[in-house]
Every structure is written in structure tokens, then in C-alpha cells.
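S.K.: Take a look at start11.pdb, PDB, C-alpha atoms and all ligand atoms:
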```
MODEL        1
ATOM      1  CA  MET A   2     -46.947  81.903-100.705
ATOM      2  CA  HIS A   3     -44.791  79.290-102.390
ATOM      3  CA  SER A   4     -42.151  77.656-100.304
ATOM      4  CA  PHE A   5     -38.493  78.117-101.171
ATOM      5  CA  GLY A   6     -38.247  74.433-102.167
ATOM      6  CA  TYR A   7     -41.124  74.720-104.613
ATOM      7  CA  ARG A   8     -39.575  77.739-106.325
ATOM      8  CA  ALA A   9     -36.133  76.165-106.491
ATOM      9  CA  ASN A  10     -37.664  73.076-108.055
ATOM     10  CA  ALA A  11     -39.596  75.133-110.612
ATOM     11  CA  LEU A  12     -36.442  77.025-111.516
ATOM     12  CA  LEU A  13     -34.477  73.803-111.935
ATOM     13  CA  THR A  14     -37.130  72.298-114.189
ATOM     14  CA  PHE A  15     -37.192  75.451-116.264
ATOM     15  CA  SER A  16     -33.365  75.469-116.588
ATOM     16  CA  LEU A  17     -33.277  71.837-117.645
ATOM     17  CA  THR A  18     -35.929  72.457-120.271
ATOM     18  CA  ILE A  19     -33.959  75.372-121.695
ATOM     19  CA  LEU A  20     -30.750  73.336-121.644
ATOM     20  CA  ALA A  21     -32.409  70.431-123.497
ATOM     21  CA  LEU A  22     -33.826  72.845-126.043
ATOM     22  CA  MET A  23     -30.408  74.422-126.588
ATOM     23  CA  CYS A  24     -28.852  70.998-127.180
ATOM     24  CA  VAL A  25     -31.480  70.185-129.795
ATOM     25  CA  ILE A  26     -30.981  73.524-131.531
ATOM     26  CA  ALA A  27     -27.196  73.108-131.469
ATOM     27  CA  SER A  28     -27.172  69.656-133.051
ATOM     28  CA  VAL A  29     -29.818  70.573-135.617
ATOM     29  CA  SER A  30     -27.925  73.716-136.548
ATOM     30  CA  ASP A  31     -24.747  71.679-136.983
ATOM     31  CA  ASN A  32     -26.486  69.265-139.367
ATOM     32  CA  PHE A  33     -28.230  71.957-141.349
ATOM     33  CA  ASN A  34     -25.419  74.441-141.364
ATOM     34  CA  THR A  35     -25.163  75.474-145.007
ATOM     35  CA  ILE A  36     -21.570  75.470-146.108
ATOM     36  CA  THR A  37     -20.794  78.274-148.481
ATOM     37  CA  PRO A  38     -17.025  78.699-148.568
ATOM     38  CA  THR A  39     -15.522  81.053-151.099
ATOM     39  CA  ALA A  40     -11.952  81.319-152.293
ATOM     40  CA  SER A  41      -9.930  83.070-154.919
ATOM     41  CA  VAL A  42      -6.276  82.594-155.688
ATOM     42  CA  LYS A  43      -4.067  84.696-157.928
ATOM     43  CA  VAL A  44      -0.604  83.822-159.115
ATOM     44  CA  LEU A  45       1.041  87.207-158.556
ATOM     45  CA  ASN A  46       4.379  86.190-159.973
ATOM     46  CA  ILE A  47       6.360  83.263-161.341
ATOM     47  CA  ASN A  48       9.583  83.845-159.400
ATOM     48  CA  ARG A  49      11.503  81.110-161.128
ATOM     49  CA  PHE A  50      10.880  78.316-163.574
ATOM     50  CA  THR A  51      13.767  75.966-164.141
ATOM     51  CA  LYS A  52      14.767  72.504-165.144
ATOM     52  CA  LYS A  53      16.917  71.111-162.352
ATOM     53  CA  SER A  54      20.105  69.145-162.999
ATOM     54  CA  ASN A  55      18.225  65.879-162.375
ATOM     55  CA  GLY A  56      15.769  66.822-165.118
ATOM     56  CA  ASP A  57      12.837  67.724-162.870
ATOM     57  CA  ASP A  58      10.918  70.937-163.428
ATOM     58  CA  GLU A  59      10.645  73.388-160.563
ATOM     59  CA  VAL A  60       8.461  76.460-160.249
ATOM     60  CA  GLY A  61       8.537  79.196-157.625
ATOM     61  CA  VAL A  62       5.440  81.370-157.342
ATOM     62  CA  THR A  63       4.010  84.169-155.271
ATOM     63  CA  LEU A  64       0.359  83.559-154.470
ATOM     64  CA  ASP A  65      -2.452  85.751-153.274
ATOM     65  CA  ILE A  66      -4.856  83.475-151.407
ATOM     66  CA  SER A  67      -8.187  84.865-150.220
ATOM     67  CA  ALA A  68     -10.864  82.742-148.655
ATOM     68  CA  ASN A  69     -13.895  82.906-146.454
ATOM     69  CA  LEU A  70     -14.317  79.574-144.700
ATOM     70  CA  GLN A  71     -16.330  80.931-141.779
ATOM     71  CA  SER A  72     -19.358  78.827-142.697
ATOM     72  CA  LEU A  73     -17.336  75.691-141.898
ATOM     73  CA  PHE A  74     -17.277  76.711-138.250
ATOM     74  CA  THR A  75     -20.053  75.632-135.923
ATOM     75  CA  TRP A  76     -20.241  75.141-132.156
ATOM     76  CA  ASN A  77     -18.766  71.690-132.842
ATOM     77  CA  THR A  78     -15.702  72.743-134.866
ATOM     78  CA  LYS A  79     -12.335  72.362-133.201
ATOM     79  CA  GLN A  80     -10.201  73.605-136.076
ATOM     80  CA  VAL A  81      -9.899  73.478-139.849
ATOM     81  CA  PHE A  82      -6.860  72.327-141.773
ATOM     82  CA  VAL A  83      -6.501  73.864-145.240
ATOM     83  CA  PHE A  84      -4.090  73.254-148.050
ATOM     84  CA  LEU A  85      -3.704  74.625-151.535
ATOM     85  CA  ALA A  86      -2.612  72.162-154.202
ATOM     86  CA  ALA A  87      -1.598  72.553-157.813
ATOM     87  CA  GLU A  88      -3.360  69.813-159.782
ATOM     88  CA  TYR A  89      -2.518  68.923-163.351
ATOM     89  CA  SER A  90      -2.434  65.967-165.664
ATOM     90  CA  THR A  91       0.536  64.667-167.603
ATOM     91  CA  PRO A  92       0.785  61.977-170.288
ATOM     92  CA  LYS A  93       1.741  59.446-167.576
ATOM     93  CA  ASN A  94      -0.583  60.478-164.729
ATOM     94  CA  PRO A  95      -4.120  61.805-165.064
ATOM     95  CA  LEU A  96      -3.795  63.555-161.697
ATOM     96  CA  ASN A  97      -0.654  65.038-160.212
ATOM     97  CA  GLN A  98      -1.163  66.888-156.956
ATOM     98  CA  VAL A  99       1.480  69.149-155.425
ATOM     99  CA  SER A 100       0.771  70.866-152.134
ATOM    100  CA  LEU A 101       1.991  74.462-152.271
ATOM    101  CA  TRP A 102       0.747  75.933-149.009
ATOM    102  CA  ASP A 103      -1.152  74.879-145.912
ATOM    103  CA  GLY A 104      -2.416  76.250-142.641
ATOM    104  CA  ILE A 105      -4.495  75.557-139.563
ATOM    105  CA  ILE A 106      -7.450  77.809-138.854
ATOM    106  CA  PRO A 107      -8.112  77.711-135.119
ATOM    107  CA  ALA A 108     -11.269  79.839-134.975
ATOM    108  CA  LYS A 109     -14.075  81.329-137.030
ATOM    109  CA  GLU A 110     -12.572  84.825-136.710
ATOM    110  CA  ASP A 111      -9.477  83.578-138.553
ATOM    111  CA  ALA A 112     -11.435  81.842-141.312
ATOM    112  CA  HIS A 113     -11.845  84.963-143.435
ATOM    113  CA  PHE A 114      -8.350  85.729-144.600
ATOM    114  CA  SER A 115      -6.225  87.041-147.402
ATOM    115  CA  ILE A 116      -2.499  86.380-147.632
ATOM    116  CA  LYS A 117       0.298  86.920-150.068
ATOM    117  CA  THR A 118       2.845  84.141-149.854
ATOM    118  CA  LYS A 119       5.513  82.293-151.763
ATOM    119  CA  ASN A 120       4.874  78.579-152.147
ATOM    120  CA  LYS A 121       5.682  77.018-148.754
ATOM    121  CA  TYR A 122       6.404  73.615-150.327
ATOM    122  CA  LYS A 123       8.348  72.989-153.509
ATOM    123  CA  PHE A 124       6.419  72.915-156.749
ATOM    124  CA  VAL A 125       8.429  70.168-158.436
ATOM    125  CA  ASP A 126       7.387  67.840-161.213
ATOM    126  CA  GLN A 127       9.252  64.561-161.474
ATOM    127  CA  GLY A 128      10.079  64.963-165.095
ATOM    128  CA  SER A 129       9.945  67.752-167.567
ATOM    129  CA  ASN A 130       6.211  68.269-167.847
ATOM    130  CA  LEU A 131       5.482  71.786-166.681
ATOM    131  CA  ARG A 132       6.184  73.981-169.702
ATOM    132  CA  GLY A 133       2.893  75.402-170.955
ATOM    133  CA  ARG A 134       1.061  73.108-168.553
ATOM    134  CA  ASP A 135      -2.533  73.927-167.596
ATOM    135  CA  PHE A 136      -3.250  73.455-163.933
ATOM    136  CA  ASN A 137      -5.894  73.991-161.283
ATOM    137  CA  LEU A 138      -5.334  75.442-157.865
ATOM    138  CA  THR A 139      -7.519  73.536-155.443
ATOM    139  CA  LEU A 140      -8.235  74.613-151.901
ATOM    140  CA  HIS A 141      -8.839  71.532-149.767
ATOM    141  CA  TRP A 142     -10.100  71.581-146.185
ATOM    142  CA  HIS A 143     -10.484  69.073-143.385
ATOM    143  CA  VAL A 144     -12.881  70.060-140.642
ATOM    144  CA  MET A 145     -11.877  68.587-137.291
ATOM    145  CA  PRO A 146     -14.896  68.468-134.998
ATOM    146  CA  LYS A 147     -14.966  68.411-131.203
ATOM    147  CA  THR A 148     -17.172  65.331-131.403
ATOM    148  CA  GLY A 149     -18.122  63.199-134.395
ATOM    149  CA  LYS A 150     -16.553  62.535-137.725
ATOM    150  CA  MET A 151     -14.009  64.635-139.580
ATOM    151  CA  PHE A 152     -15.089  65.766-143.008
ATOM    152  CA  ALA A 153     -13.233  67.095-146.001
ATOM    153  CA  ASP A 154     -14.113  68.982-149.146
ATOM    154  CA  LYS A 155     -12.515  71.331-151.644
ATOM    155  CA  LEU A 156     -12.988  74.210-154.045
ATOM    156  CA  VAL A 157     -11.418  73.907-157.491
ATOM    157  CA  LEU A 158     -10.084  77.072-159.093
ATOM    158  CA  PRO A 159      -9.351  76.110-162.676
ATOM    159  CA  GLY A 160      -7.683  77.877-165.551
ATOM    160  CA  PHE A 161      -4.044  78.439-164.632
ATOM    161  CA  ARG A 162      -1.160  77.876-167.017
ATOM    162  CA  LEU A 163       2.604  77.770-166.660
ATOM    163  CA  PRO A 164       4.873  79.640-169.090
ATOM    164  CA  GLU A 165       6.132  77.965-172.273
ATOM    165  CA  PHE A 166       9.751  78.709-171.425
ATOM    166  CA  TYR A 167      12.055  78.376-168.424
ATOM    167  CA  ARG A 168      13.184  81.659-166.982
TER     168      ARG A 168
HETATM  169  C1  LIG A 201      -9.293  71.115-163.384
HETATM  170  O1  LIG A 201     -10.593  71.644-163.208
HETATM  171  C2  LIG A 201     -11.482  71.328-164.255
HETATM  172  C3  LIG A 201     -12.777  72.088-163.982
HETATM  173  O2  LIG A 201     -13.233  71.852-162.683
HETATM  174  C4  LIG A 201     -11.673  69.830-164.324
HETATM  175  O3  LIG A 201     -12.527  69.495-165.400
HETATM  176  C5  LIG A 201     -10.316  69.169-164.534
HETATM  177  O4  LIG A 201     -10.468  67.771-164.488
HETATM  178  C6  LIG A 201      -9.348  69.600-163.452
HETATM  179  N1  LIG A 201      -8.024  69.052-163.753
HETATM  180  C7  LIG A 201      -7.384  68.235-162.921
HETATM  181  C8  LIG A 201      -6.061  67.744-163.366
HETATM  182  O5  LIG A 201      -7.847  67.881-161.834
ENDMDL
END
```
Any chance you could give the structure as C-alpha cells?
M.R.:
Amino acid sequence: MHSFGYRANALLTFSLTILALMCVIASVSDNFNTITPTASVKVLNINRFTKKSNGDDEVGVTLDISANLQSLFTWNTKQVFVFLAAEYSTPKNPLNQVSLWDGIIPAKEDAHFSIKTKNKYKFVDQGSNLRGRDFNLTLHWHVMPKTGKMFADKLVLPGFRLPEFYR
């Protein structure tokens, strides 16, 4: 019969082996996690489109934002910061970026979402450049890990256009 000490030792060795194996699997899975986020955004309505008294254009929109960012979450993900930006070029600037909405996704369960919202931040152009302007809506994300480096990426949803006239 094996002594108690022998069995306890065998059990400990076995546990440590399993633990080491789990650590290897976890870090490998984090590195090889394939990221396949999807997003779609609809402009449900242009609520207002005006030229302000200082000459700047301002747009108010209602957006339908759907995304599945669950693949960004691994055992090592603390949270994900997302923001939706309108991106367009004007004669003066090749890239103008206006953040319209943002959010923090605390957990994988929350990373598959669909919301209807008005723009949280003002869509203002410093100038009078928005009439008939083509723009992209770009969903950016920053993945904040528990350990290691933060990383960021985005999905570009092209093909939007503002009306020709103020309303
Ligand atoms: C909008 O998206 C298209 C297609 O991805 C890209 O070619 C274009 O440069 C983008 N426009 C801006 C202003 O980023």
C-alpha cells in the first residue's frame, strides 16, 4: 500500500503538470486567437443639418450600431474601448475624424450588441464642408489586456453621404 505522503506527492505533481499545461494553452490561445469582428452601422435619420452662426456645419443623426466584437475577448482581456467616428476628407484636410459615439465593453457577453442612438458627441465641421459630403463610419477599438500590451484596430464602413441641403 502506498503511504499517504507518496499519494499526496503524486497528486501535487499531477496538479502542477496540469496547471503548467493550462498556462501554455492559455498563452498560445491568446496569440492565435483569430479576430473576426463584424459591425454594421445604419444612419436611421438625419435629425438636423444646419450651418451655425459661426459658419460651422453641424449634423445630428440617429444611428443603428450593431457589432459582434466577442472574438476580441480572451482570458487576458480586461475591457474593450470602442468608438465610432465619421471620417471624411475636405479640400484642406485629407482626413477629418469626428467621434460620434463611444462605449466601454466590460465583458465578452456584452460584446455582441445592437443599439439605436443619437450621436453622443457633436458632429461639427469647422467650416462649411459637409453638404453632399461622402464619409465613412469607422468603428475603432482598443483592447485593454490584463497583462501585456494594448492593441487597437478598426473596421471601416464606407459609402455614406450627407444631404446636399441644410434642413
Ligand atoms: C473611406 O473608405 C474608403 C474605403 O475603405 C477609403 O478608400 C477612403 O480613403 C476612406 N476615406 C477616408 C476619408 O478615410
S.K.: Could you check how far atom CA of Leu138 of chain A sits from atom CA of Leu85 of chain A, in Å to one decimal?
M.R.: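 The value is 6.6 Å.
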S.K.: As a ChimeraX atom specification, please: every protein or nucleic acid residue near ligand LIG 201 (chain A) (cut-off 9 Å, counting all atoms listed in the file).
M.R.: /A:87-91,95-98,135-139,156-160
S.K.: Which residue, A:Asn69, A:Thr35, A:Gly61, A:Arg162, has the smallest gap to Asp111 of chain A when you use only C-alpha atoms?
M.R.: A:Asn69
S.K.: Find, counting all atoms listed in the file, the residue in A:Val81, A:Leu64, A:Leu73, A:Leu163 that gets nearest to Asn46 of chain A.
M.R.: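 Looking at the shortest contact to Asn46 of chain A, the residue is A:Leu64.
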S.K.: What is the distance, in Å and to one decimal place, between atom CA of Cys24 of chain A and atom CA of Val144 of chain A?
M.R.: 20.9 Å
S.K.: Report, in Å to a single decimal, how far apart atom CA of Lys117 of chain A and atom CA of His141 of chain A are.
M.R.: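 If I compute the distance from atom CA of His141 of chain A to atom CA of Lys117 of chain A, I get 17.9 Å.
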S.K.: Please provide as a PyMOL selection string all residues within 12 Å of Thr37 of chain A, with the sequence filter that same-chain residues fewer than 5 positions apart are discarded (counting all atoms listed in the file).
M.R.: chain A and resi 68-74+154-156
S.K.: For the residues selected in the previous step, produce a file with C-alpha atoms as a short mmCIF file (atom, residue, chain, number, x, y, z; two decimals), keeping the file's coordinate frame.
M.R.:
```cif
data_model
loop_
_atom_site.label_atom_id
_atom_site.label_comp_id
_atom_site.auth_asym_id
_atom_site.auth_seq_id
_atom_site.Cartn_x
_atom_site.Cartn_y
_atom_site.Cartn_z
CA ALA A 68 -10.86 82.74 -148.66
CA ASN A 69 -13.90 82.91 -146.45
CA LEU A 70 -14.32 79.57 -144.70
CA GLN A 71 -16.33 80.93 -141.78
CA SER A 72 -19.36 78.83 -142.70
CA LEU A 73 -17.34 75.69 -141.90
CA PHE A 74 -17.28 76.71 -138.25
CA ASP A 154 -14.11 68.98 -149.15
CA LYS A 155 -12.52 71.33 -151.64
CA LEU A 156 -12.99 74.21 -154.04
#
```
